[in-house]
$ cat my_file22.txt   # compact mmCIF, C-alpha atoms
# COMPACT_ATOMS: atom_id res chain seq x y z
CA MET U 821 36.70 -9.27 20.95
CA GLY U 822 35.77 -10.43 24.44
CA THR U 823 35.91 -6.93 25.86
CA MET U 824 33.84 -5.71 22.91
CA LEU U 825 31.12 -8.22 23.71
CA THR U 826 31.04 -7.35 27.40
CA LEU U 827 30.92 -3.67 26.46
CA LEU U 828 28.06 -4.36 24.08
CA ALA U 829 26.21 -6.34 26.73
CA ALA U 830 26.66 -3.50 29.18
CA THR U 831 25.42 -0.86 26.75
CA ALA U 832 22.46 -2.88 25.44
CA PRO U 833 19.97 -1.54 28.00
CA ALA U 834 21.29 1.95 27.40
CA ILE U 835 20.64 1.55 23.66
CA LYS U 836 17.12 0.42 24.40
CA GLN U 837 16.49 3.41 26.64
CA GLY U 838 17.97 5.65 23.98
CA GLN U 839 15.58 4.18 21.42
CA ALA U 840 12.66 4.81 23.73
CA ILE U 841 13.75 8.41 24.21
CA ALA U 842 14.21 8.88 20.46
CA PHE U 843 10.76 7.49 19.75
CA GLY U 844 9.12 9.58 22.44
CA LEU U 845 10.87 12.78 21.38
CA GLY U 846 10.22 12.15 17.69
CA VAL U 847 6.51 11.63 18.08
CA GLY U 848 6.07 14.16 20.88
CA LEU U 849 7.84 17.09 19.24
CA GLY U 850 6.21 16.25 15.91
CA ALA U 851 2.84 16.33 17.62
CA VAL U 852 3.54 19.75 19.17
CA GLY U 853 4.11 21.34 15.77
CA ALA U 854 1.24 19.58 14.09
CA GLY U 855 -1.09 20.43 16.98
CA VAL U 856 -0.37 24.14 16.65
CA GLY U 857 -0.70 23.94 12.87
CA ILE U 858 -4.01 22.08 12.87
CA GLY U 859 -5.36 24.46 15.49
CA LEU U 860 -4.45 27.43 13.28
CA ILE U 861 -6.14 25.85 10.26
CA PHE U 862 -9.42 25.24 12.05
CA ALA U 863 -9.29 28.61 13.80
CA SER U 864 -8.98 30.48 10.52
CA MET U 865 -11.68 28.25 9.01
CA ILE U 866 -14.07 29.25 11.81
CA GLN U 867 -13.20 32.93 11.35
CA SER U 868 -13.67 32.78 7.60
CA VAL U 869 -17.03 31.03 7.84
CA ALA U 870 -18.16 33.49 10.51
CA ARG U 871 -17.34 36.37 8.17
CA GLN U 872 -18.63 34.84 4.95
CA PRO U 873 -20.84 31.83 5.60
CA GLU U 874 -21.63 31.42 1.90
CA LEU U 875 -18.04 30.40 1.15
CA ARG U 876 -18.20 27.37 3.44
CA GLY U 877 -18.33 24.78 0.67
CA GLU U 878 -15.32 26.12 -1.20
CA LEU U 879 -13.28 26.60 1.95
CA GLN U 880 -13.92 23.10 3.21
CA GLY U 881 -11.90 21.43 0.45
CA ILE U 882 -8.92 23.71 1.10
CA MET U 883 -9.25 23.13 4.83
CA TRP U 884 -9.07 19.34 4.55
CA LEU U 885 -6.12 19.62 2.18
CA GLY U 886 -4.27 21.78 4.69
CA PHE U 887 -5.30 19.52 7.55
CA ALA U 888 -3.85 16.43 5.89
CA LEU U 889 -0.67 18.23 4.86
CA THR U 890 -0.12 19.47 8.41
CA GLU U 891 -1.08 16.25 10.09
CA ALA U 892 1.51 14.35 8.07
CA VAL U 893 4.25 16.22 9.96
CA VAL U 894 3.63 14.05 13.03
CA PHE U 895 4.30 10.99 10.96
CA TYR U 896 7.68 12.18 9.82
CA GLY U 897 8.61 12.31 13.50
CA LEU U 898 7.02 8.93 14.05
CA LEU U 899 8.99 7.51 11.14
CA GLY U 900 12.20 8.93 12.58
CA GLY U 901 11.43 7.26 15.91
CA LEU U 902 10.63 3.96 14.22
CA LEU U 903 13.91 4.15 12.30
CA ALA U 904 15.72 4.39 15.62
CA PHE U 905 14.15 1.05 16.53
CA VAL U 906 14.77 -0.65 13.21
CA LEU U 907 18.25 0.59 12.31
CA VAL U 908 19.91 0.42 15.74
CA LYS U 909 19.97 -3.12 17.03
CA MET G 165 -31.21 2.56 19.07
CA ARG G 166 -29.60 2.06 15.70
CA ARG G 167 -26.55 3.96 16.87
CA LEU G 168 -26.25 1.60 19.80
CA TYR G 169 -26.20 -1.39 17.46
CA VAL G 170 -23.49 0.24 15.37
CA LEU G 171 -21.40 0.87 18.48
CA LEU G 172 -21.89 -2.70 19.70
CA GLY G 173 -20.90 -4.00 16.29
CA VAL G 174 -17.74 -1.94 16.31
CA ALA G 175 -16.92 -3.17 19.81
CA LEU G 176 -17.33 -6.79 18.69
CA LEU G 177 -15.15 -6.15 15.65
CA ALA G 178 -12.51 -4.58 17.85
CA LEU G 179 -12.58 -7.62 20.13
CA ALA G 180 -12.30 -9.99 17.20
CA ALA G 181 -9.35 -8.15 15.71
CA PRO G 182 -6.39 -9.40 17.73
CA ALA G 183 -7.53 -13.03 17.96
CA ALA G 184 -3.91 -14.02 17.53
CA ALA G 185 -3.13 -12.06 20.63
CA LEU G 186 -4.80 -14.54 22.95
CA ALA G 187 -1.40 -16.19 22.96
CA GLU G 188 0.79 -15.21 25.89
CA ASP G 189 3.03 -12.61 24.26
CA PHE G 190 1.17 -10.01 22.25
CA LYS G 191 3.21 -7.87 19.90
CA PRO G 192 1.21 -5.34 17.89
CA GLU G 193 4.05 -4.89 15.41
CA ASP G 194 3.75 -8.56 14.37
CA GLU G 195 0.56 -7.57 12.59
CA PHE G 196 2.71 -5.75 10.03
CA LYS G 197 5.18 -8.56 9.42
CA LEU G 198 5.03 -9.79 5.83
CA ASP G 199 5.87 -13.50 5.73
CA THR G 200 6.39 -15.01 2.31
CA TRP G 201 3.53 -17.31 1.34
CA VAL G 202 4.45 -18.20 -2.22
CA SER G 203 8.03 -17.55 -3.22
CA LEU G 204 8.34 -15.91 -6.62
CA HIS G 205 11.62 -14.56 -7.90
CA VAL G 206 11.85 -12.97 -11.34
CA GLY G 207 15.55 -12.43 -11.88
CA PRO G 208 16.81 -10.24 -9.04
CA ILE G 209 13.30 -8.95 -8.28
CA ASP G 210 11.50 -10.49 -5.33
CA MET G 211 7.84 -10.83 -6.30
CA SER G 212 6.82 -13.18 -3.52
CA ILE G 213 3.18 -13.29 -2.55
CA ASN G 214 2.45 -12.22 1.01
CA LYS G 215 -0.28 -10.65 3.07
CA ALA G 216 0.00 -7.23 1.44
CA VAL G 217 -0.33 -8.79 -2.01
CA ALA G 218 -3.44 -10.70 -0.95
CA TYR G 219 -4.96 -7.48 0.36
CA LEU G 220 -4.06 -5.69 -2.87
CA TRP G 221 -5.80 -8.36 -4.95
CA LEU G 222 -8.88 -8.19 -2.75
CA GLY G 223 -8.85 -4.39 -2.98
CA THR G 224 -8.55 -4.55 -6.76
CA ALA G 225 -11.48 -6.96 -7.02
CA VAL G 226 -13.66 -4.81 -4.75
CA THR G 227 -12.74 -1.63 -6.65
CA ILE G 228 -13.63 -3.21 -10.00
CA LEU G 229 -16.87 -4.51 -8.54
CA ILE G 230 -17.79 -1.05 -7.18
CA GLY G 231 -17.02 0.46 -10.55
CA ILE G 232 -19.16 -2.00 -12.45
CA VAL G 233 -22.08 -1.94 -10.01
CA LEU G 234 -22.21 1.85 -9.62
CA MET G 235 -21.21 3.10 -13.05
CA ARG G 236 -22.73 0.56 -15.46
CA VAL G 237 -26.28 1.64 -14.77
CA ARG G 238 -28.93 2.55 -17.29
CA ILE G 239 -29.19 6.27 -16.65
CA ARG G 240 -32.67 7.50 -15.83
CA VAL G 241 -34.10 10.96 -15.30
CA LYS G 242 -35.31 9.86 -11.88
CA PRO G 243 -32.17 8.20 -10.52
CA GLY G 244 -32.26 5.00 -8.51
CA ASN G 245 -30.06 4.16 -5.53
CA ARG G 246 -27.11 2.93 -7.56
CA GLN G 247 -27.15 5.89 -9.90
CA THR G 248 -27.34 8.36 -6.99
CA ILE G 249 -24.33 6.85 -5.21
CA GLY G 250 -22.41 6.57 -8.45
CA GLU G 251 -23.09 10.18 -9.39
CA THR G 252 -22.04 11.38 -5.93
CA LEU G 253 -18.75 9.50 -6.16
CA TYR G 254 -18.15 10.82 -9.66
CA GLU G 255 -18.87 14.36 -8.59
CA VAL G 256 -16.48 14.15 -5.62
CA ALA G 257 -13.78 12.78 -7.92
CA GLN G 258 -14.39 15.46 -10.53
CA VAL G 259 -15.15 18.64 -8.59
CA ASN G 260 -13.17 18.12 -5.40
CA ILE G 261 -10.18 16.18 -6.71
CA ALA G 262 -9.53 16.50 -10.43
CA GLU G 263 -10.55 20.13 -10.85
CA GLN G 264 -8.30 21.14 -7.92
CA GLY G 265 -5.23 20.55 -10.00
CA LEU G 266 -5.76 19.37 -13.54
CA PRO G 267 -6.08 22.00 -16.28
CA THR G 268 -9.04 21.64 -18.62
CA LYS G 269 -6.99 20.39 -21.55
CA ALA G 270 -5.63 17.45 -19.55
CA MET G 271 -8.92 16.60 -17.86
CA GLY G 272 -10.00 13.86 -20.27
CA LEU G 273 -6.58 12.27 -20.20
CA TRP G 274 -5.87 12.23 -16.47
CA PHE G 275 -9.28 12.24 -14.77
CA PRO G 276 -9.56 8.41 -15.02
CA TYR G 277 -6.18 7.95 -13.34
CA VAL G 278 -6.90 10.34 -10.50
CA ALA G 279 -10.42 9.03 -9.91
CA SER G 280 -9.37 5.39 -9.87
CA LEU G 281 -6.48 6.26 -7.56
CA PHE G 282 -8.98 7.81 -5.16
CA LEU G 283 -11.38 4.86 -5.30
CA PHE G 284 -8.60 2.25 -5.05
CA ILE G 285 -6.88 3.80 -2.04
CA TRP G 286 -10.21 4.39 -0.35
CA VAL G 287 -11.18 0.74 -0.76
CA LEU G 288 -7.76 -0.46 0.42
CA ASN G 289 -7.94 1.77 3.49
CA LEU G 290 -11.46 0.64 4.33
CA LEU G 291 -10.54 -3.04 3.91
CA GLY G 292 -7.81 -2.37 6.44
CA PHE G 293 -10.38 -1.80 9.16
CA LEU G 294 -12.45 -4.92 8.55
CA PRO G 295 -11.23 -7.98 10.43
CA LEU G 296 -10.58 -10.40 7.56
CA PRO G 297 -9.25 -13.95 7.72
CA ILE G 298 -6.06 -13.07 5.85
CA SER G 299 -3.05 -13.46 8.11
CA ASN G 300 0.08 -15.44 8.84
CA ASP G 301 -1.25 -17.37 11.86
CA LYS G 302 -3.93 -20.03 11.91
CA PHE G 303 -6.32 -21.27 14.58
CA ASP G 304 -8.42 -24.43 14.83
CA LEU G 305 -12.20 -24.35 14.57
CA PHE G 306 -13.82 -27.79 14.58
CA GLY G 307 -10.72 -29.26 12.94
CA LEU G 308 -10.52 -26.56 10.25
CA HIS G 309 -7.38 -24.46 10.00
CA ILE G 310 -8.66 -20.93 9.60
CA PRO G 311 -6.36 -17.92 9.40
CA THR G 312 -6.81 -15.62 12.36
CA PHE G 313 -8.85 -12.50 11.81
CA GLY G 314 -6.66 -9.46 11.74
CA ILE G 315 -6.78 -5.84 10.68
CA TYR G 316 -4.13 -4.93 8.15
CA ALA G 317 -4.20 -2.44 5.31
CA ALA G 318 -2.13 -2.87 2.17
CA THR G 319 -1.52 0.89 2.29
CA ALA G 320 0.16 0.45 5.70
CA SER G 321 3.09 -1.07 3.82
CA LEU G 322 5.62 1.42 2.49
CA SER G 323 6.13 -0.53 -0.74
CA VAL G 324 2.50 -0.13 -1.81
CA ALA G 325 2.36 3.59 -1.03
CA LEU G 326 5.76 4.16 -2.64
CA ALA G 327 4.73 2.32 -5.81
CA MET G 328 1.65 4.49 -6.19
CA SER G 329 3.53 7.73 -5.56
CA ALA G 330 6.27 6.63 -7.95
CA MET G 331 3.58 6.30 -10.63
CA THR G 332 2.42 9.86 -9.99
CA PHE G 333 6.04 11.06 -9.94
CA VAL G 334 6.88 9.47 -13.31
CA PHE G 335 3.59 10.50 -14.94
CA SER G 336 3.94 14.14 -13.87
CA HIS G 337 7.43 14.51 -15.37
CA VAL G 338 6.58 12.60 -18.54
CA GLU G 339 3.51 14.78 -19.08
CA GLY G 340 5.46 17.94 -18.29
CA ILE G 341 8.00 17.09 -20.97
CA ARG G 342 5.33 15.97 -23.46
CA PHE G 343 3.25 19.15 -23.14
CA ASN G 344 6.08 21.72 -22.80
CA GLY G 345 9.15 20.18 -24.42
CA VAL G 346 12.29 19.18 -22.54
CA GLY G 347 13.95 22.61 -22.45
CA HIS G 348 10.86 24.54 -21.42
CA TYR G 349 9.95 22.04 -18.74
CA LEU G 350 13.42 21.93 -17.19
CA LYS G 351 13.56 25.72 -17.22
CA SER G 352 10.15 25.93 -15.55
CA LEU G 353 11.38 23.80 -12.64
CA ILE G 354 13.85 26.45 -11.53
CA PRO G 355 12.46 29.89 -10.58
CA ASP G 356 13.93 33.24 -11.66
CA VAL G 357 16.65 34.25 -9.22
CA PRO G 358 19.87 36.28 -9.39
CA LYS G 359 22.70 34.39 -11.09
CA ALA G 360 24.79 34.04 -7.95
CA MET G 361 21.96 32.27 -6.15
CA LEU G 362 21.22 29.91 -9.02
CA PRO G 363 23.20 26.77 -8.04
CA PHE G 364 21.94 26.99 -4.49
CA ILE G 365 18.30 27.41 -5.50
CA ALA G 366 18.59 24.70 -8.16
CA LEU G 367 19.85 22.25 -5.55
CA ILE G 368 16.94 23.07 -3.25
CA GLU G 369 14.45 22.69 -6.09
CA ILE G 370 15.87 19.30 -7.09
CA ILE G 371 15.70 18.10 -3.49
CA SER G 372 12.12 19.36 -3.19
CA ILE G 373 11.12 17.41 -6.31
CA PHE G 374 12.28 14.20 -4.67
CA MET G 375 10.77 15.23 -1.33
CA ARG G 376 7.39 15.17 -3.06
CA LEU G 377 7.88 11.48 -3.75
CA ILE G 378 8.80 10.82 -0.12
CA SER G 379 6.12 13.00 1.47
CA LEU G 380 3.35 11.61 -0.74
CA SER G 381 4.15 8.00 0.11
CA VAL G 382 5.08 8.47 3.76
CA ARG G 383 1.91 10.47 4.45
CA LEU G 384 -0.34 7.61 3.38
CA PHE G 385 1.79 4.79 4.76
CA ALA G 386 2.50 6.33 8.16
CA ASN G 387 -1.10 7.46 8.63
CA MET G 388 -2.44 3.96 8.13
CA LEU G 389 0.38 2.33 10.11
CA ALA G 390 -0.07 4.69 13.05
CA GLY G 391 -3.86 4.24 13.01
CA HIS G 392 -3.62 0.46 13.14
CA MET G 393 -0.83 0.58 15.69
CA LEU G 394 -2.85 2.85 18.02
CA ILE G 395 -5.88 0.55 17.91
CA LEU G 396 -3.79 -2.59 18.40
CA VAL G 397 -1.76 -1.10 21.27
CA MET G 398 -4.91 0.09 23.05
CA ILE G 399 -6.42 -3.38 22.75
CA GLY G 400 -3.06 -4.88 23.65
CA LEU G 401 -3.28 -3.21 27.08
CA ILE G 402 -5.65 -6.09 27.96
CA PHE G 403 -2.66 -8.40 27.85
CA VAL G 404 -0.17 -6.02 29.43
CA ILE G 405 -2.12 -4.84 32.47
CA HIS G 406 -3.08 -7.71 34.77
CA SER G 407 -5.43 -6.24 37.41
CA PRO G 408 -8.98 -7.07 36.23
CA PRO G 409 -10.93 -3.80 36.09
CA TRP G 410 -8.10 -1.75 34.63
CA ARG G 411 -7.11 -4.06 31.82
CA PHE G 412 -10.14 -3.06 29.75
CA PHE G 413 -9.22 0.58 30.19
CA GLY G 414 -7.86 0.92 26.67
CA LEU G 415 -10.92 -0.53 25.00
CA PRO G 416 -13.05 2.67 24.81
CA ALA G 417 -10.01 4.51 23.49
CA ALA G 418 -9.53 1.80 20.89
CA ILE G 419 -13.16 2.09 19.80
CA LEU G 420 -12.82 5.88 19.63
CA PHE G 421 -9.67 5.67 17.50
CA TYR G 422 -11.36 3.05 15.31
CA LEU G 423 -14.30 5.36 14.63
CA PHE G 424 -11.97 8.32 14.02
CA GLU G 425 -9.96 6.31 11.52
CA VAL G 426 -12.93 4.84 9.66
CA VAL G 427 -14.99 8.02 9.53
CA ILE G 428 -12.31 10.64 8.86
CA VAL G 429 -8.79 9.40 8.16
CA VAL G 430 -9.61 6.71 5.59
CA THR G 431 -11.44 9.11 3.29
CA ILE G 432 -9.13 12.07 3.84
CA GLN G 433 -6.00 10.10 3.02
CA ALA G 434 -7.49 8.73 -0.20
CA PHE G 435 -8.74 12.23 -1.08
CA ILE G 436 -5.42 13.89 -0.34
CA PHE G 437 -3.40 11.35 -2.28
CA ALA G 438 -5.58 11.71 -5.37
CA ALA G 439 -5.81 15.51 -5.08
CA LEU G 440 -2.06 15.93 -4.69
CA SER G 441 -1.49 13.62 -7.65
CA ALA G 442 -3.82 15.83 -9.68
CA ILE G 443 -2.00 18.96 -8.49
CA TYR G 444 1.45 17.55 -9.27
CA ILE G 445 0.45 16.36 -12.74
CA GLY G 446 -1.46 19.58 -13.43
CA SER G 447 1.39 21.83 -12.33
CA ALA G 448 3.79 19.89 -14.56
CA ILE G 449 1.49 20.31 -17.56
CA GLU G 450 0.93 24.01 -16.96
CA PRO G 451 3.91 25.48 -15.08
CA ASP G 452 3.37 28.90 -13.50
CA HIS G 453 6.49 30.51 -14.82
$ encode --input "my_file22.txt" --output "structure tokens"
Amino acid sequence: MGTMLTLLAATAPAIKQGQAIAFGLGVGLGAVGAGVGIGLIFASMIQSVARQPELRGELQGIMWLGFALTEAVVFYGLLGGLLAFVLVK
Amino acid sequence: MRRLYVLLGVALLALAAPAAALAEDFKPEDEFKLDTWVSLHVGPIDMSINKAVAYLWLGTAVTILIGIVLMRVRIRVKPGNRQTIGETLYEVAQVNIAEQGLPTKAMGLWFPYVASLFLFIWVLNLLGFLPLPISNDKFDLFGLHIPTFGIYAATASLSVALAMSAMTFVFSHVEGIRFNGVGHYLKSLIPDVPKAMLPFIALIEIISIFMRLISLSVRLFANMLAGHMLILVMIGLIFVIHSPPWRFFGLPAAILFYLFEVVIVVTIQAFIFAALSAIYIGSAIEPDH
């Protein structure tokens, strides 16, 4: 029991650093994917409106739908990072 | 000039937000702690009243008030202010949200649900960015104990978002069975594939049905949580960094994030939640295959 406690005390900072890494990686990698995706959505929106400006109104609804669906991907990563903080004590 | 006033107002609001933080140790995550105020236990269910419940009640009251003020208007040919705003809201709810997903035959039945979902979430999200005196801590002002002003949205709690998506989840399956019959509906859930692939595909489809529940709730909850967290952390830099000129470094960023959240995210999240609810319910009523 005593050795367990000393071991736990020794690894506590390591756990904290691990949590920080998990959080950073979760949010960061999530943001990479979502950044590319959101960029693609707006790029194709610009192209479509440049080709057919009269469709702008109809396209805008679809664009925001896609934007929100893509943006949510970051938050799955964020949630994973937060879980690392909450579950591992 | 008017824009300047708006900006100044936002800056003041942002300063007022973490009043609790003037204490030595500032923890932005404390803003999301839900302390029990009134303990209420019904059997094994914990129905205690806390900050999120107070915000929900306030949101409900404001939503009802908006509905009564904007919709119970004597309709005129030349519309007044209230009628114009009311008609705009109604049109957004009908054209941009309900008609995205609901088939015509289910419009009368499910338009009220989708529209009130949109209005309710929108109001809850907006309330989350007003500093309101609803919080766990109190401060003294001329001998009065006033709760500190804090920004907190009820939708930034997973329970609230999950409850609303669970409603959509249950309604969509109940309506699917009611309109198509049990056999037809269950068959429509699984696409046509070769027999050997069937168990595999069925498993994926069942998982994806439950993923809808998770993605719908997590999208709303995490968006609001992350928005509040960003603003609070940027303001919290005042208490973390000690050299004078640099400690206010985060403030412009906080104001920028605040504007981004209030102008774009609040409306988009309410819109997306309602539109996806409409799409889920609509696709259950009229399956493609």
$ closest_residue --input "my_file22.txt" --among "G:Glu255, G:Ile395, G:Ile436, G:Gly340" --to "Glu193 (chain G)" --atoms "only C-alpha atoms"
G:Ile395
$ interface_residues --input "my_file22.txt" --of "chain U" --to "chain G" --cutoff "12 Å" --atoms "all atoms listed in the file" --output "count of residues only"
29
$ atom_distance --input "my_file22.txt" --atom1 "CA of Arg871 (chain U)" --atom2 "CA of Thr252 (chain G)"
29.1 Å
$ atom_distance --input "my_file22.txt" --atom1 "CA of Trp286 (chain G)" --atom2 "CA of Ala434 (chain G)"
5.1 Å
$ atom_distance --input "my_file22.txt" --atom1 "CA of Leu396 (chain G)" --atom2 "CA of Phe424 (chain G)"
14.3 Å
$ closest_residue --input "my_file22.txt" --among "G:Thr200, G:Gln258, G:Asn289, G:Ser447" --to "Leu353 (chain G)" --atoms "all atoms listed in the file"
G:Ser447
$ closest_residue --input "my_file22.txt" --among "G:Leu204, G:Ala225, G:Glu339, G:Asn300" --to "Ala442 (chain G)" --atoms "all atoms listed in the file"
G:Glu339
$ residues_around --input "my_file22.txt" --residues "Trp201 (chain G)" --least-positions-apart "4" --cutoff "12 Å" --atoms "all atoms listed in the file" --output "list in words"
Met211, Ser212, Ile213, Asn214, Lys215, Ala216, Val217, Ala218, Ile298, Ser299, Asn300 and Asp301 of chain G
$ residues_around --input "my_file22.txt" --residues "Arg236 (chain G)" --least-positions-apart "4" --cutoff "10 Å" --atoms "all atoms listed in the file" --output "number ranges by chain"
G: 230-232, 246-247, 250
$ write_last_selection --input "my_file22.txt" --atoms "C-alpha atoms" --output "mmCIF file, in the coordinates of the input"
data_model
loop_
_atom_site.group_PDB
_atom_site.id
_atom_site.type_symbol
_atom_site.label_atom_id
_atom_site.label_comp_id
_atom_site.auth_asym_id
_atom_site.auth_seq_id
_atom_site.Cartn_x
_atom_site.Cartn_y
_atom_site.Cartn_z
ATOM 1 C CA ILE G 230 -17.790 -1.050 -7.180
ATOM 2 C CA GLY G 231 -17.020 0.460 -10.550
ATOM 3 C CA ILE G 232 -19.160 -2.000 -12.450
ATOM 4 C CA ARG G 246 -27.110 2.930 -7.560
ATOM 5 C CA GLN G 247 -27.150 5.890 -9.900
ATOM 6 C CA GLY G 250 -22.410 6.570 -8.450
#
$ closest_residue --input "my_file22.txt" --among "G:Leu326, G:Val287, G:Ile365, G:Val397" --to "Leu229 (chain G)" --atoms "only C-alpha atoms"
G:Val287
$ build_atoms --input "my_file22.txt" --residues "region 833-850 of chain U" --atoms "N, CA and C atoms" --output "JSON list (two decimals), in the frame of the given file"
[["chain", "number", "residue", "atom", "x", "y", "z"],
["U", 833, "PRO", "N", 21.13, -2.24, 27.43],
["U", 833, "PRO", "CA", 19.97, -1.54, 28.00],
["U", 833, "PRO", "C", 19.99, -0.05, 27.71],
["U", 834, "ALA", "N", 21.20, 0.52, 27.68],
["U", 834, "ALA", "CA", 21.29, 1.95, 27.40],
["U", 834, "ALA", "C", 20.78, 2.25, 25.99],
["U", 835, "ILE", "N", 21.12, 1.36, 25.03],
["U", 835, "ILE", "CA", 20.64, 1.55, 23.66],
["U", 835, "ILE", "C", 19.12, 1.51, 23.64],
["U", 836, "LYS", "N", 18.57, 0.55, 24.39],
["U", 836, "LYS", "CA", 17.12, 0.42, 24.40],
["U", 836, "LYS", "C", 16.45, 1.67, 24.97],
["U", 837, "GLN", "N", 17.05, 2.19, 26.06],
["U", 837, "GLN", "CA", 16.49, 3.41, 26.64],
["U", 837, "GLN", "C", 16.61, 4.56, 25.66],
["U", 838, "GLY", "N", 17.77, 4.60, 24.98],
["U", 838, "GLY", "CA", 17.97, 5.65, 23.98],
["U", 838, "GLY", "C", 16.93, 5.57, 22.88],
["U", 839, "GLN", "N", 16.61, 4.34, 22.45],
["U", 839, "GLN", "CA", 15.58, 4.18, 21.42],
["U", 839, "GLN", "C", 14.24, 4.69, 21.91],
["U", 840, "ALA", "N", 13.94, 4.37, 23.18],
["U", 840, "ALA", "CA", 12.66, 4.81, 23.73],
["U", 840, "ALA", "C", 12.60, 6.33, 23.76],
["U", 841, "ILE", "N", 13.73, 6.95, 24.16],
["U", 841, "ILE", "CA", 13.75, 8.41, 24.21],
["U", 841, "ILE", "C", 13.59, 8.99, 22.81],
["U", 842, "ALA", "N", 14.30, 8.38, 21.84],
["U", 842, "ALA", "CA", 14.21, 8.88, 20.46],
["U", 842, "ALA", "C", 12.78, 8.79, 19.94],
["U", 843, "PHE", "N", 12.14, 7.68, 20.21],
["U", 843, "PHE", "CA", 10.76, 7.49, 19.75],
["U", 843, "PHE", "C", 9.83, 8.50, 20.39],
["U", 844, "GLY", "N", 9.98, 8.64, 21.73],
["U", 844, "GLY", "CA", 9.12, 9.58, 22.44],
["U", 844, "GLY", "C", 9.31, 11.00, 21.96],
["U", 845, "LEU", "N", 10.59, 11.41, 21.81],
["U", 845, "LEU", "CA", 10.87, 12.78, 21.38],
["U", 845, "LEU", "C", 10.38, 13.00, 19.96],
["U", 846, "GLY", "N", 10.63, 12.00, 19.09],
["U", 846, "GLY", "CA", 10.22, 12.15, 17.69],
["U", 846, "GLY", "C", 8.74, 12.39, 17.57],
["U", 847, "VAL", "N", 7.95, 11.51, 18.20],
["U", 847, "VAL", "CA", 6.51, 11.63, 18.08],
["U", 847, "VAL", "C", 6.00, 12.86, 18.83],
["U", 848, "GLY", "N", 6.57, 13.07, 20.04],
["U", 848, "GLY", "CA", 6.07, 14.16, 20.88],
["U", 848, "GLY", "C", 6.31, 15.52, 20.26],
["U", 849, "LEU", "N", 7.54, 15.78, 19.82],
["U", 849, "LEU", "CA", 7.84, 17.09, 19.24],
["U", 849, "LEU", "C", 7.11, 17.27, 17.91],
["U", 850, "GLY", "N", 7.00, 16.16, 17.15],
["U", 850, "GLY", "CA", 6.21, 16.25, 15.91],
["U", 850, "GLY", "C", 4.78, 16.63, 16.21]]
